[in-house]
Amino acid sequence: MLLGLSGQDLAVSLALILMAALGVTIKWRIRIRATVHAISWSETAIILSLAVAPTPLVILTTGVGVAIALLIIRLPPLKAAFGIAKSMLLAAGAGATLHALGWSPTLADLWPALGPIGIAYAVTVVLDELLTLPVIALATGTRLGQLFREDLGLRVTSALARFVLIVTTLFILHADPRLLLAVPPLVLSLHLLYSNRVKARTEQQAWQRLARTTDALNVVDLDKVLTTAVTQAAELFSADEVEIELRDGGRTVRGGAVAITYDGPAGEPTSVDGTVVPAALEGHDRTVDVGVLRLRFRGPVQLSEREQYTMRTFASALCTAVRNAQAYAELARVADEHAYAATHDALTGLANRRQLLDRGSEHLGTRHADGVTALVLIDLNHFKEVNDTLGHAAGDQVLVQVAERLRDAAQDGDLVARLGGDEFAVLLRGLPAPAVAAHRAETLLAALHEPFDLDGMRISVEASGGIAAAPATGGMPELLRRADVAMYQAKRAGQRTSTYAPTRDTADLGRLTLGGELPRAVADHEFTVNFQPIVDLGTGRVTGAEALARWHHPTHGMIDPLRFLEAVERSGLLPAFAEAILDQALIAAGSWRDAGFDVPVAVNVSPRSLLDARFPGSVLARLRAHDLPPDRLVLELTETLTLSQLDVVDRVLSRLRDEGVRLALDDFGTGYSSLSLLSRIPVHELKIDRSFVTAMESSAEAAAVIRSTLDLGRSLGLDVVAEGVESEPQRRALWELGCTAGQGHLFARPMPAGTLLAAFRRGSGGSPGTLAPPLHDAGAVIRLAPGRRQGGRGRTDRHLPA
C-alpha cells in the first residue's frame with residue numbers, strides 16, 4: 001500500500017486529481033452536424049489511479065479533477081454535469097470490476113495484476129462507448145450504428161495503445177512510486193502523437209470521400225446528379241441540410257443524408273434554422289456560374305480550412321456535372337425532335353412514308369399467325385381545285401381535318417400515315433380474313449363523306465381507296481405498290497374503293513419484262529448518267545455534281561431508276577451496273593477537270609453494294625484507272641440501311657474513308673434512323689430531303705427540321721446540301737438559315753456531262769463556273785468554314801478555280 005503517510009496521501013490525491021484533469025482535458029475533437037464532440041484519455045487516468053489507490057478515493061479525485069478541468073474550459077453546465085457523472089461512473093465500474101476479481105491496489109507483484117487491470121480497462125472502454133454514443137446520436141440525429149462504425153478501427157487501435165501506456169506506467173511506478181508525477185507528461189506526449197495521427201487519417205478519409213462523391217456525380221441525368229449531390233454532401237460535410245439552387249429554371253433541391261425533402265421553385269422556406277455556408281457552383285476559371293450550394297447547420301459552425309477547400313472542390317465538380325447533365329438533356333431533346341420530325345408528317349402529325357415503310361416492314365418480318373395484314377391507300381379526288389380556288393392554307397386545313405377523321409375511324413393497332421400531298425395510307429393488322437380489309441376501307445372512306453367546315457364554308461371532298469393484302473414476297477414496298485395500283489384502278493373505274501387483283505396489274509408484267517432485259521442492257525451500255533450540279537447558294541458557283549442513272553431503252557425510251565433499280569439488285573448484275581455508272585461519273589469528272597473545272601462528283605450507292613466486301617477495291621481501282629484523287633468522289637448513302645447491317649457496312653466504308661473517299665448521307669431527316677446512322681457512320685456531308693425544302697415556305701415544322709439539320713451539321717463540322725431548290729425565295733430562305741449549298745431545277749435539271757460542261761463554260765452573266773447570279777455583291781458576305789472534326793468528318797471546301 002502507498003498510503004502509509006498523510007503527506008504521501010495528500011501527494012497521491014493531488015496526483016490523482018491532476019491525472020484526472022489532464023485525462024479529460026487532452027482530447028481530439030470531431031464535429032457531427034453542428035455539435036462538436038471530444039474523445040479524451042479519461043479511461044487511462046482512471047485505471048492508473050485504481051492501480052495505486054483505493055476505489056473510493058479514485059472516484060472522489062476523478063470527480064474533482066474532471067470538475068476543475070471542465071470549470072477551466074467553461075463547458076456548459078449540462079455538458080459539465082454529464083462529463084463529471086460519466087467519469088465517476090467509469091471509475092466506479094472499473095473499481096467494482098477489480099474488487100469482484102479480488103484485486104487490491106499494490107505494486108508489489110505486478111505481473112499477476114495485469115489480468116484484472118486489463119479486464120477493468122475493457123469494462124471502462126465499453127462503458128464509455130455505451131454512455132457516449134447514444135448521447136451523440138440523439139444530439140445529432142445520426143444513426144447509432146453509423147456512429148459505431150465510423151473510425152472504429154482508429155478507436156480500437158487507440159484503446160490498445162492506451163492500455164500499453166497503462167502497463168508501461170505501472171512498470172515505471174513499480175520501479176519507483178515517486179515517478180507518478182511523470183505520468184501526466186507521458187500521457188500528454190502520447191496524446192500529441194495520436195492526435196496528429198487522427199488528423200492525418202481524418203484528412204485522408206475526407207479526400208477519399210470527396211473522390212467517391214465526385215465520381216458518383218458522373219451521371220447524365222440531372223435529377224440523379226442533384227439527388228447524389230445533396231445526399232453525399234450531407235455526409236461529406238456532416239450538414240443538417242444541403243440545398244442546391246440552380247439559376248437556369250429557378251429550381252431548388254434540398255435534403256439530407258437520407259433523402260430529398262424538397263424539389264421545386266426557389267424561395268420556399270426551410271425548416272433548418274442556424275448557420276448557412278454557401279458556395280457558388282462555378283468552374284475553376286469562374287466564368288460559368290450555374291447556381292449556389294448551401295450547407296445548413298442547426299447551430300453555430302465554422303468550417304476548417306480543409307473543409308472549406310473541400311467544399312470549393314465539390315462545388316466545382318458539381319458545376320461540371322450539372323452543366324454536363326443539362327447539355328445531355330438538350331442533346332436528347334434535340335434528338336427526340338429530330339426523331340419525331342423524321343417519322344411524322346409536319347402538317348398533320350400522322351406517321352410519314354418512312355415510318356409506314358419501317359414499321360410495316362418490321363411487322364411483316366415478325367408476323368406469325370396473327371392474322372392478315374393489309375394496306376388501304378387513300379387519295380383525295382380533285383384536291384388541287386381546293387388549293388387553286390381557296391389557297392394552300394385552306395388546303396392545309398382540309399388535310400388536317402382529313403387526318404383527324406381517319407385517325408378517329410381507325411382501330412387500335414392500325415397505323416395512319418400521310419404519304420405526301422393529298423395521299424394517305426392506313427396499315428391494317430391482325431385481320432381475320434382478307435375480305436375484312438374491304439369493309440374496313442369503306443368505313444375509313446365513309447368518315448370523309450360528310451362536308452368539311454372551313455372558316456364557315458362547307459366543302460365536300462371525295463376520295464378513292466386502294467386495298468391490298470400483304471404479299472408473300474416483296475415486303476412493304478410491294479404492298480404499297482399494289483395498294484397504289486388498286487387505288488388508281490378505283491379512280492379509273494369511278495369507284496370509291498378497289499381491291500388489288502394480280503390479273504389487272506400490268507406493272508408486274510412490265511417489271512418482269514424489264515428484268516429479263518437487264519443482261520443485254522448492261523452488255524450494250526444502255527445505262528447512261530445525267531448530272532445535276534450542286535451550287536453555292538450565296539455565290540452561284542458550282543461546287544459539285546450528282547450522277548443520276550438512266551436506262552436508255554431502245555423500245556421504251558428513257559426509264560426512271562425507280563422502275564429498274566430493284567430488279568438490278570435482285571438480278572445479280574449489281575456489281576457490273578455499279579461499275580458502269582461509276583466509270584461514267586469518273587470520266588465526266590476527269591473531263592471537267594481537264595477543262596479547268598475541278599469539281600467532285602457524287603454517286604448514289606445501293607445498300608447491297610455496301611454489303612459486298614469487294615466493293616471498296618472496285619471503287620479504288622476505278623479511281624486509279626481514271627487518275628482522280630479519292631476526295632473527288634462522294635458516295636451518297638441512303639437511310640434504308642438497317643442497324644443490323646451497320647457492322648458489315650462500317651468495315652466496307654472504313655477502307656474507302658481511310659483512302660480519302662468522301663461520304664454523304666442522302667435524304668437526311670426522312671428516316672427515324674438518321675441520327676443512329678450518323679452516330680455509327682462518320683460521313684462528311686448531309687443532304688436535306690427535297691420534301692422539307694418544298695414545304696419550308698408554308699410549314700414552320702419543315703423549316704424547323706432544316707434549321708436543326710443545319711445546326712447539327714455546323715456542330716459536327718459537316719457540309720449540308722439542300723435538295724429540290726426550285727425557286728429564288730427558297731434559295732434565299734435557305735441561305736438565311738445558314739445553308740450554303742443546294743441543287744435543284746432553279747439552277748439546272750439533270751443533263752449529260754458534255755451539256756453540263758458547256759454550262760460551266762458559259763456560266764451565269766458571263767462568269768464561268770457559275771449557274772446563278774450571286775445573292776450579294778462581291779465582298780459583302782464573308783463565309784467562315786467550320787473547324788475540322790476528328791474521325792474524318794472535317795469539312796473540305798469544294799470549289800472551282802477562278
# chains A, B, ... in the order shown; residues from 1 in each chain; ligands from 1
>>> residues_around(residues="A:Val605", least_positions_apart="3", cutoff="12 Å", atoms="only C-alpha atoms", output="PyMOL selection string")
chain A and resi 546-549+565+569+574-575+577-579+581-582+602+608-612+615-616+619+633-641+649+653+663-666
>>> residues_around(residues="A:Phe314", least_positions_apart="3", cutoff="10 Å", atoms="only C-alpha atoms", output="list in words")
Leu210, Ala211, Thr213, Thr214, Leu217, Ala229, Ala233, Leu236, Ala279, Leu281, Leu293, Gln308, Tyr309, Thr310, Met311, Ala317, Leu318, Cys319 and Thr320 of chain A
>>> residues_around(residues="stretch 348-360 of chain A", least_positions_apart="2", cutoff="6 Å", atoms="only C-alpha atoms", output="PyMOL selection string")
chain A and resi 343-346+362-363+400+417-419+476+671
>>> write_last_selection(atoms="C-alpha atoms", output="CSV table (one decimal), in the first residue's frame")
chain,number,residue,atom,x,y,z
A,343,THR,CA,-41.1,9.8,-88.6
A,344,HIS,CA,-44.1,12.1,-88.6
A,345,ASP,CA,-45.8,14.4,-91.1
A,346,ALA,CA,-45.2,18.0,-90.2
A,362,GLU,CA,-40.9,-4.7,-89.1
A,363,HIS,CA,-44.4,-6.1,-88.7
A,400,VAL,CA,-55.6,18.3,-91.1
A,417,ALA,CA,-49.9,7.8,-92.3
A,418,ARG,CA,-49.8,10.7,-94.7
A,419,LEU,CA,-47.5,9.9,-97.6
A,476,MET,CA,-43.8,-3.2,-97.7
A,671,GLY,CA,-36.0,8.2,-91.7
>>> select_by_dssp(residues="stretch 594-751 of chain A", states="alpha helix (DSSP H)", output="MDAnalysis selection string")
chainID A and resid 594 607:610 615:625 646:659 674:680 690:695 700:716 728:737
>>> closest_residue(among="A:Arg662, A:Arg298, A:His776, A:Arg761", to="A:Leu537", atoms="only C-alpha atoms")
A:His776
>>> select_by_dssp(residues="stretch 649-774 of chain A", states="strand (DSSP E)", output="ChimeraX atom specification")
/A:662-668,685-688,719-722,741-742
>>> closest_residue(among="A:Ala327, A:Met558, A:Val535, A:Val272", to="A:Thr770", atoms="only C-alpha atoms")
A:Val535
>>> closest_residue(among="A:Ala588, A:Ala341, A:Val721, A:Leu775", to="A:Ala703", atoms="only C-alpha atoms")
A:Ala341
>>> atom_distance(atom1="atom CA of A:Phe564", atom2="atom CA of A:Leu656")
26.9 Å
>>> residues_around(residues="stretch 529-531 of chain A", least_positions_apart="3", cutoff="9 Å", atoms="only C-alpha atoms", output="PyMOL selection string")
chain A and resi 545-551+581+584-585+601+749-753+756
>>> write_last_selection(atoms="N, CA and C atoms", output="CSV table (one decimal), in the first residue's frame")
chain,number,residue,atom,x,y,z
A,545,ALA,N,-21.4,17.9,-108.5
A,545,ALA,CA,-22.4,17.4,-109.3
A,545,ALA,C,-22.8,16.0,-108.9
A,546,GLU,N,-24.1,15.7,-108.9
A,546,GLU,CA,-24.6,14.4,-108.6
A,546,GLU,C,-24.9,13.6,-109.8
A,547,ALA,N,-24.4,12.4,-109.9
A,547,ALA,CA,-24.7,11.5,-111.0
A,547,ALA,C,-26.0,10.8,-110.8
A,548,LEU,N,-26.8,10.8,-111.8
A,548,LEU,CA,-28.2,10.2,-111.8
A,548,LEU,C,-28.3,9.2,-112.9
A,549,ALA,N,-28.5,7.9,-112.6
A,549,ALA,CA,-28.5,6.9,-113.6
A,549,ALA,C,-29.8,6.9,-114.4
A,550,ARG,N,-29.8,6.6,-115.7
A,550,ARG,CA,-31.0,6.4,-116.5
A,550,ARG,C,-30.8,5.2,-117.4
A,551,TRP,N,-31.9,4.6,-117.8
A,551,TRP,CA,-31.8,3.4,-118.7
A,551,TRP,C,-32.4,3.9,-120.0
A,581,ILE,N,-21.9,2.7,-113.9
A,581,ILE,CA,-22.3,4.1,-113.5
A,581,ILE,C,-21.1,4.8,-113.0
A,584,GLN,N,-18.7,6.1,-115.7
A,584,GLN,CA,-19.2,7.3,-116.5
A,584,GLN,C,-19.1,8.5,-115.6
A,585,ALA,N,-19.3,8.4,-114.3
A,585,ALA,CA,-19.2,9.5,-113.4
A,585,ALA,C,-17.8,10.0,-113.3
A,601,VAL,N,-17.7,14.6,-107.9
A,601,VAL,CA,-18.9,14.0,-108.5
A,601,VAL,C,-19.5,13.1,-107.4
A,749,ARG,N,-31.5,21.3,-114.5
A,749,ARG,CA,-32.1,20.0,-114.5
A,749,ARG,C,-31.0,19.0,-114.8
A,750,PRO,N,-31.2,17.7,-114.4
A,750,PRO,CA,-30.1,16.7,-114.8
A,750,PRO,C,-29.8,16.8,-116.3
A,751,MET,N,-28.6,16.7,-116.6
A,751,MET,CA,-28.2,16.8,-118.1
A,751,MET,C,-26.9,15.9,-118.3
A,752,PRO,N,-26.6,15.6,-119.6
A,752,PRO,CA,-25.4,14.9,-119.9
A,752,PRO,C,-24.1,15.6,-119.4
A,753,ALA,N,-23.0,14.9,-119.3
A,753,ALA,CA,-21.8,15.5,-118.8
A,753,ALA,C,-21.3,16.6,-119.8
A,756,LEU,N,-23.4,19.7,-119.4
A,756,LEU,CA,-23.1,20.4,-118.1
A,756,LEU,C,-21.8,21.2,-118.2
>>> atom_distance(atom1="atom CA of A:Leu75", atom2="atom CA of A:Ile17")
18.4 Å
>>> residues_around(residues="A:Phe760", least_positions_apart="5", cutoff="9 Å", atoms="only C-alpha atoms", output="VMD selection string")
chain A and resid 542 592 597 755 767 to 771
>>> write_last_selection(atoms="N, CA, C and O atoms", output="PDB file, in the first residue's frame")
ATOM      1  N   VAL A 542     -20.587  26.611-109.015  1.00  0.00           N
ATOM      2  CA  VAL A 542     -20.764  25.165-108.942  1.00  0.00           C
ATOM      3  C   VAL A 542     -19.722  24.575-108.002  1.00  0.00           C
ATOM      4  O   VAL A 542     -18.529  24.868-108.126  1.00  0.00           O
ATOM      5  N   TRP A 592     -14.216  17.360-116.851  1.00  0.00           N
ATOM      6  CA  TRP A 592     -14.421  18.706-116.289  1.00  0.00           C
ATOM      7  C   TRP A 592     -13.102  19.257-115.735  1.00  0.00           C
ATOM      8  O   TRP A 592     -12.784  20.423-115.904  1.00  0.00           O
ATOM      9  N   PHE A 597     -12.387  22.841-114.601  1.00  0.00           N
ATOM     10  CA  PHE A 597     -13.441  22.893-113.594  1.00  0.00           C
ATOM     11  C   PHE A 597     -13.317  21.649-112.713  1.00  0.00           C
ATOM     12  O   PHE A 597     -13.926  20.616-112.996  1.00  0.00           O
ATOM     13  N   THR A 755     -23.115  18.514-121.819  1.00  0.00           N
ATOM     14  CA  THR A 755     -24.004  19.673-121.711  1.00  0.00           C
ATOM     15  C   THR A 755     -23.698  20.472-120.446  1.00  0.00           C
ATOM     16  O   THR A 755     -23.699  21.708-120.462  1.00  0.00           O
ATOM     17  N   SER A 767     -19.901  34.683-116.255  1.00  0.00           N
ATOM     18  CA  SER A 767     -18.907  34.259-115.268  1.00  0.00           C
ATOM     19  C   SER A 767     -18.803  32.744-115.300  1.00  0.00           C
ATOM     20  O   SER A 767     -19.690  32.038-114.794  1.00  0.00           O
ATOM     21  N   PRO A 768     -17.744  32.169-115.902  1.00  0.00           N
ATOM     22  CA  PRO A 768     -17.607  30.708-115.995  1.00  0.00           C
ATOM     23  C   PRO A 768     -17.648  30.060-114.616  1.00  0.00           C
ATOM     24  O   PRO A 768     -17.123  30.595-113.644  1.00  0.00           O
ATOM     25  N   GLY A 769     -18.257  28.882-114.584  1.00  0.00           N
ATOM     26  CA  GLY A 769     -18.310  28.126-113.333  1.00  0.00           C
ATOM     27  C   GLY A 769     -19.457  28.514-112.431  1.00  0.00           C
ATOM     28  O   GLY A 769     -19.567  27.981-111.327  1.00  0.00           O
ATOM     29  N   THR A 770     -20.309  29.460-112.874  1.00  0.00           N
ATOM     30  CA  THR A 770     -21.471  29.831-112.074  1.00  0.00           C
ATOM     31  C   THR A 770     -22.739  29.506-112.848  1.00  0.00           C
ATOM     32  O   THR A 770     -22.778  29.566-114.067  1.00  0.00           O
ATOM     33  N   LEU A 771     -23.788  29.145-112.101  1.00  0.00           N
ATOM     34  CA  LEU A 771     -25.070  28.825-112.726  1.00  0.00           C
ATOM     35  C   LEU A 771     -26.199  29.717-112.220  1.00  0.00           C
ATOM     36  O   LEU A 771     -27.363  29.493-112.559  1.00  0.00           O
TER      37      LEU A 771
END
>>> closest_residue(among="A:Ala374, A:Gly145, A:Tyr121, A:Val402", to="A:Asp414", atoms="only C-alpha atoms")
A:Ala374
>>> residues_around(residues="A:Leu737", least_positions_apart="5", cutoff="12 Å", atoms="only C-alpha atoms", output="list in words")
Leu537, Gly538, Val693, Met696, Ala703, Ala704, Val705, Ile706, Arg707, Ser708, Thr709, Leu710, Asp711, Arg714, Val720, Ala722, Gln730, Arg731 and Arg732 of chain A
>>> write_last_selection(atoms="N, CA, C and O atoms", output="PDB file, in the first residue's frame")
ATOM      1  N   LEU A 537     -25.062  28.490-102.693  1.00  0.00           N
ATOM      2  CA  LEU A 537     -26.273  29.313-102.718  1.00  0.00           C
ATOM      3  C   LEU A 537     -25.964  30.800-102.673  1.00  0.00           C
ATOM      4  O   LEU A 537     -26.739  31.618-103.168  1.00  0.00           O
ATOM      5  N   GLY A 538     -24.839  31.158-102.076  1.00  0.00           N
ATOM      6  CA  GLY A 538     -24.522  32.572-101.966  1.00  0.00           C
ATOM      7  C   GLY A 538     -23.921  33.153-103.228  1.00  0.00           C
ATOM      8  O   GLY A 538     -24.301  34.227-103.687  1.00  0.00           O
ATOM      9  N   VAL A 693     -37.557  21.029 -98.214  1.00  0.00           N
ATOM     10  CA  VAL A 693     -37.328  22.275 -98.947  1.00  0.00           C
ATOM     11  C   VAL A 693     -38.618  22.739 -99.608  1.00  0.00           C
ATOM     12  O   VAL A 693     -38.954  23.930 -99.598  1.00  0.00           O
ATOM     13  N   MET A 696     -40.948  24.191 -96.826  1.00  0.00           N
ATOM     14  CA  MET A 696     -40.418  25.123 -95.842  1.00  0.00           C
ATOM     15  C   MET A 696     -41.129  26.480 -95.855  1.00  0.00           C
ATOM     16  O   MET A 696     -41.228  27.148 -94.817  1.00  0.00           O
ATOM     17  N   ALA A 703     -39.387  24.035 -91.843  1.00  0.00           N
ATOM     18  CA  ALA A 703     -38.279  24.984 -91.667  1.00  0.00           C
ATOM     19  C   ALA A 703     -37.493  24.654 -90.406  1.00  0.00           C
ATOM     20  O   ALA A 703     -36.259  24.783 -90.374  1.00  0.00           O
ATOM     21  N   ALA A 704     -38.196  24.194 -89.356  1.00  0.00           N
ATOM     22  CA  ALA A 704     -37.501  23.834 -88.120  1.00  0.00           C
ATOM     23  C   ALA A 704     -36.597  22.625 -88.322  1.00  0.00           C
ATOM     24  O   ALA A 704     -35.500  22.555 -87.777  1.00  0.00           O
ATOM     25  N   VAL A 705     -37.072  21.652 -89.117  1.00  0.00           N
ATOM     26  CA  VAL A 705     -36.233  20.475 -89.395  1.00  0.00           C
ATOM     27  C   VAL A 705     -34.970  20.894 -90.149  1.00  0.00           C
ATOM     28  O   VAL A 705     -33.862  20.430 -89.854  1.00  0.00           O
ATOM     29  N   ILE A 706     -35.147  21.796 -91.142  1.00  0.00           N
ATOM     30  CA  ILE A 706     -33.979  22.268 -91.903  1.00  0.00           C
ATOM     31  C   ILE A 706     -33.017  22.997 -90.977  1.00  0.00           C
ATOM     32  O   ILE A 706     -31.794  22.788 -91.018  1.00  0.00           O
ATOM     33  N   ARG A 707     -33.571  23.863 -90.134  1.00  0.00           N
ATOM     34  CA  ARG A 707     -32.709  24.626 -89.219  1.00  0.00           C
ATOM     35  C   ARG A 707     -31.963  23.698 -88.265  1.00  0.00           C
ATOM     36  O   ARG A 707     -30.764  23.870 -88.011  1.00  0.00           O
ATOM     37  N   SER A 708     -32.653  22.693 -87.735  1.00  0.00           N
ATOM     38  CA  SER A 708     -31.999  21.744 -86.825  1.00  0.00           C
ATOM     39  C   SER A 708     -30.916  20.947 -87.541  1.00  0.00           C
ATOM     40  O   SER A 708     -29.854  20.682 -86.979  1.00  0.00           O
ATOM     41  N   THR A 709     -31.191  20.570 -88.797  1.00  0.00           N
ATOM     42  CA  THR A 709     -30.179  19.824 -89.564  1.00  0.00           C
ATOM     43  C   THR A 709     -28.940  20.687 -89.801  1.00  0.00           C
ATOM     44  O   THR A 709     -27.807  20.217 -89.688  1.00  0.00           O
ATOM     45  N   LEU A 710     -29.155  21.968 -90.111  1.00  0.00           N
ATOM     46  CA  LEU A 710     -28.016  22.868 -90.322  1.00  0.00           C
ATOM     47  C   LEU A 710     -27.234  23.068 -89.029  1.00  0.00           C
ATOM     48  O   LEU A 710     -25.994  23.084 -89.043  1.00  0.00           O
ATOM     49  N   ASP A 711     -27.951  23.203 -87.896  1.00  0.00           N
ATOM     50  CA  ASP A 711     -27.258  23.342 -86.614  1.00  0.00           C
ATOM     51  C   ASP A 711     -26.448  22.082 -86.312  1.00  0.00           C
ATOM     52  O   ASP A 711     -25.309  22.163 -85.832  1.00  0.00           O
ATOM     53  N   ARG A 714     -23.363  22.080 -88.532  1.00  0.00           N
ATOM     54  CA  ARG A 714     -22.321  23.005 -88.051  1.00  0.00           C
ATOM     55  C   ARG A 714     -21.621  22.454 -86.827  1.00  0.00           C
ATOM     56  O   ARG A 714     -20.394  22.541 -86.705  1.00  0.00           O
ATOM     57  N   VAL A 720     -23.594  20.640 -95.623  1.00  0.00           N
ATOM     58  CA  VAL A 720     -25.027  20.385 -95.739  1.00  0.00           C
ATOM     59  C   VAL A 720     -25.501  20.891 -97.097  1.00  0.00           C
ATOM     60  O   VAL A 720     -25.250  22.050 -97.452  1.00  0.00           O
ATOM     61  N   ALA A 722     -28.897  21.209 -99.657  1.00  0.00           N
ATOM     62  CA  ALA A 722     -30.356  21.141 -99.745  1.00  0.00           C
ATOM     63  C   ALA A 722     -30.757  20.677-101.138  1.00  0.00           C
ATOM     64  O   ALA A 722     -30.311  21.234-102.148  1.00  0.00           O
ATOM     65  N   GLN A 730     -36.877  30.168-102.171  1.00  0.00           N
ATOM     66  CA  GLN A 730     -36.341  29.033-101.421  1.00  0.00           C
ATOM     67  C   GLN A 730     -34.840  29.167-101.243  1.00  0.00           C
ATOM     68  O   GLN A 730     -34.301  28.918-100.160  1.00  0.00           O
ATOM     69  N   ARG A 731     -34.157  29.565-102.315  1.00  0.00           N
ATOM     70  CA  ARG A 731     -32.699  29.742-102.241  1.00  0.00           C
ATOM     71  C   ARG A 731     -32.338  30.766-101.178  1.00  0.00           C
ATOM     72  O   ARG A 731     -31.460  30.543-100.342  1.00  0.00           O
ATOM     73  N   ARG A 732     -33.023  31.898-101.194  1.00  0.00           N
ATOM     74  CA  ARG A 732     -32.694  32.962-100.246  1.00  0.00           C
ATOM     75  C   ARG A 732     -33.027  32.539 -98.809  1.00  0.00           C
ATOM     76  O   ARG A 732     -32.271  32.802 -97.874  1.00  0.00           O
TER      77      ARG A 732
END
>>> closest_residue(among="A:Glu478, A:Asp524, A:Asp396, A:Asp667", to="A:Ser698", atoms="only C-alpha atoms")
A:Asp396
>>> closest_residue(among="A:Thr539, A:Ser42, A:Gln232, A:Gln326", to="A:Ala159", atoms="only C-alpha atoms")
A:Ser42
>>> residues_around(residues="stretch 489-505 of chain A", least_positions_apart="4", cutoff="7 Å", atoms="only C-alpha atoms", output="list of chain:residue names")
A:Ala463, A:Ser464, A:Gly465, A:Gly466, A:Ile467, A:Ala468, A:Arg482, A:Ala483, A:Val485
>>> decode(residues="stretch 343-411 of chain A", atoms="C-alpha atoms", output="short mmCIF file (atom, residue, chain, number, x, y, z; two decimals), in the first residue's frame")
data_model
loop_
_atom_site.label_atom_id
_atom_site.label_comp_id
_atom_site.auth_asym_id
_atom_site.auth_seq_id
_atom_site.Cartn_x
_atom_site.Cartn_y
_atom_site.Cartn_z
CA THR A 343 -41.05 9.83 -88.62
CA HIS A 344 -44.08 12.14 -88.65
CA ASP A 345 -45.79 14.38 -91.15
CA ALA A 346 -45.16 18.00 -90.21
CA LEU A 347 -48.65 19.22 -91.11
CA THR A 348 -50.96 16.54 -89.71
CA GLY A 349 -48.83 14.81 -87.08
CA LEU A 350 -49.54 11.44 -88.68
CA ALA A 351 -46.85 8.91 -89.45
CA ASN A 352 -44.98 9.71 -92.66
CA ARG A 353 -43.98 7.42 -95.51
CA ARG A 354 -40.72 6.42 -93.85
CA GLN A 355 -42.41 5.36 -90.63
CA LEU A 356 -45.07 3.46 -92.57
CA LEU A 357 -42.42 1.54 -94.52
CA ASP A 358 -40.24 0.88 -91.47
CA ARG A 359 -42.99 -0.20 -89.08
CA GLY A 360 -44.76 -2.15 -91.79
CA SER A 361 -41.54 -3.96 -92.71
CA GLU A 362 -40.89 -4.72 -89.07
CA HIS A 363 -44.39 -6.13 -88.67
CA LEU A 364 -44.20 -8.22 -91.84
CA GLY A 365 -40.81 -9.55 -90.79
CA THR A 366 -42.01 -10.73 -87.37
CA ARG A 367 -45.62 -11.79 -88.01
CA HIS A 368 -46.61 -15.38 -87.43
CA ALA A 369 -50.23 -16.41 -87.10
CA ASP A 370 -51.58 -13.03 -86.05
CA GLY A 371 -53.96 -12.61 -88.96
CA VAL A 372 -53.89 -10.81 -92.30
CA THR A 373 -52.04 -7.54 -92.90
CA ALA A 374 -53.45 -5.14 -95.45
CA LEU A 375 -52.90 -1.59 -96.63
CA VAL A 376 -55.51 0.98 -97.64
CA LEU A 377 -54.15 3.79 -99.81
CA ILE A 378 -56.43 6.86 -99.92
CA ASP A 379 -56.14 9.72 -102.39
CA LEU A 380 -58.37 12.83 -102.37
CA ASN A 381 -60.06 13.49 -105.71
CA HIS A 382 -59.76 16.95 -107.26
CA PHE A 383 -57.93 18.29 -104.22
CA LYS A 384 -55.90 20.56 -106.49
CA GLU A 385 -59.04 22.58 -107.06
CA VAL A 386 -59.21 23.38 -103.34
CA ASN A 387 -55.65 24.73 -103.39
CA ASP A 388 -56.17 26.65 -106.60
CA THR A 389 -59.51 28.16 -105.51
CA LEU A 390 -59.08 28.77 -101.79
CA GLY A 391 -55.31 28.78 -101.44
CA HIS A 392 -52.80 26.43 -99.90
CA ALA A 393 -53.63 27.50 -96.34
CA ALA A 394 -57.22 26.31 -96.83
CA GLY A 395 -55.92 23.12 -98.42
CA ASP A 396 -53.76 22.50 -95.37
CA GLN A 397 -56.80 22.89 -93.11
CA VAL A 398 -58.66 20.29 -95.16
CA LEU A 399 -55.71 17.89 -94.92
CA VAL A 400 -55.59 18.33 -91.14
CA GLN A 401 -59.30 17.55 -90.84
CA VAL A 402 -58.93 14.53 -93.11
CA ALA A 403 -56.14 13.25 -90.89
CA GLU A 404 -58.29 13.70 -87.77
CA ARG A 405 -61.22 11.80 -89.28
CA LEU A 406 -59.03 8.93 -90.46
CA ARG A 407 -57.39 8.74 -87.06
CA ASP A 408 -60.79 8.61 -85.35
CA ALA A 409 -62.11 5.98 -87.77
CA ALA A 410 -59.06 3.73 -87.44
CA GLN A 411 -58.95 1.00 -84.82
#
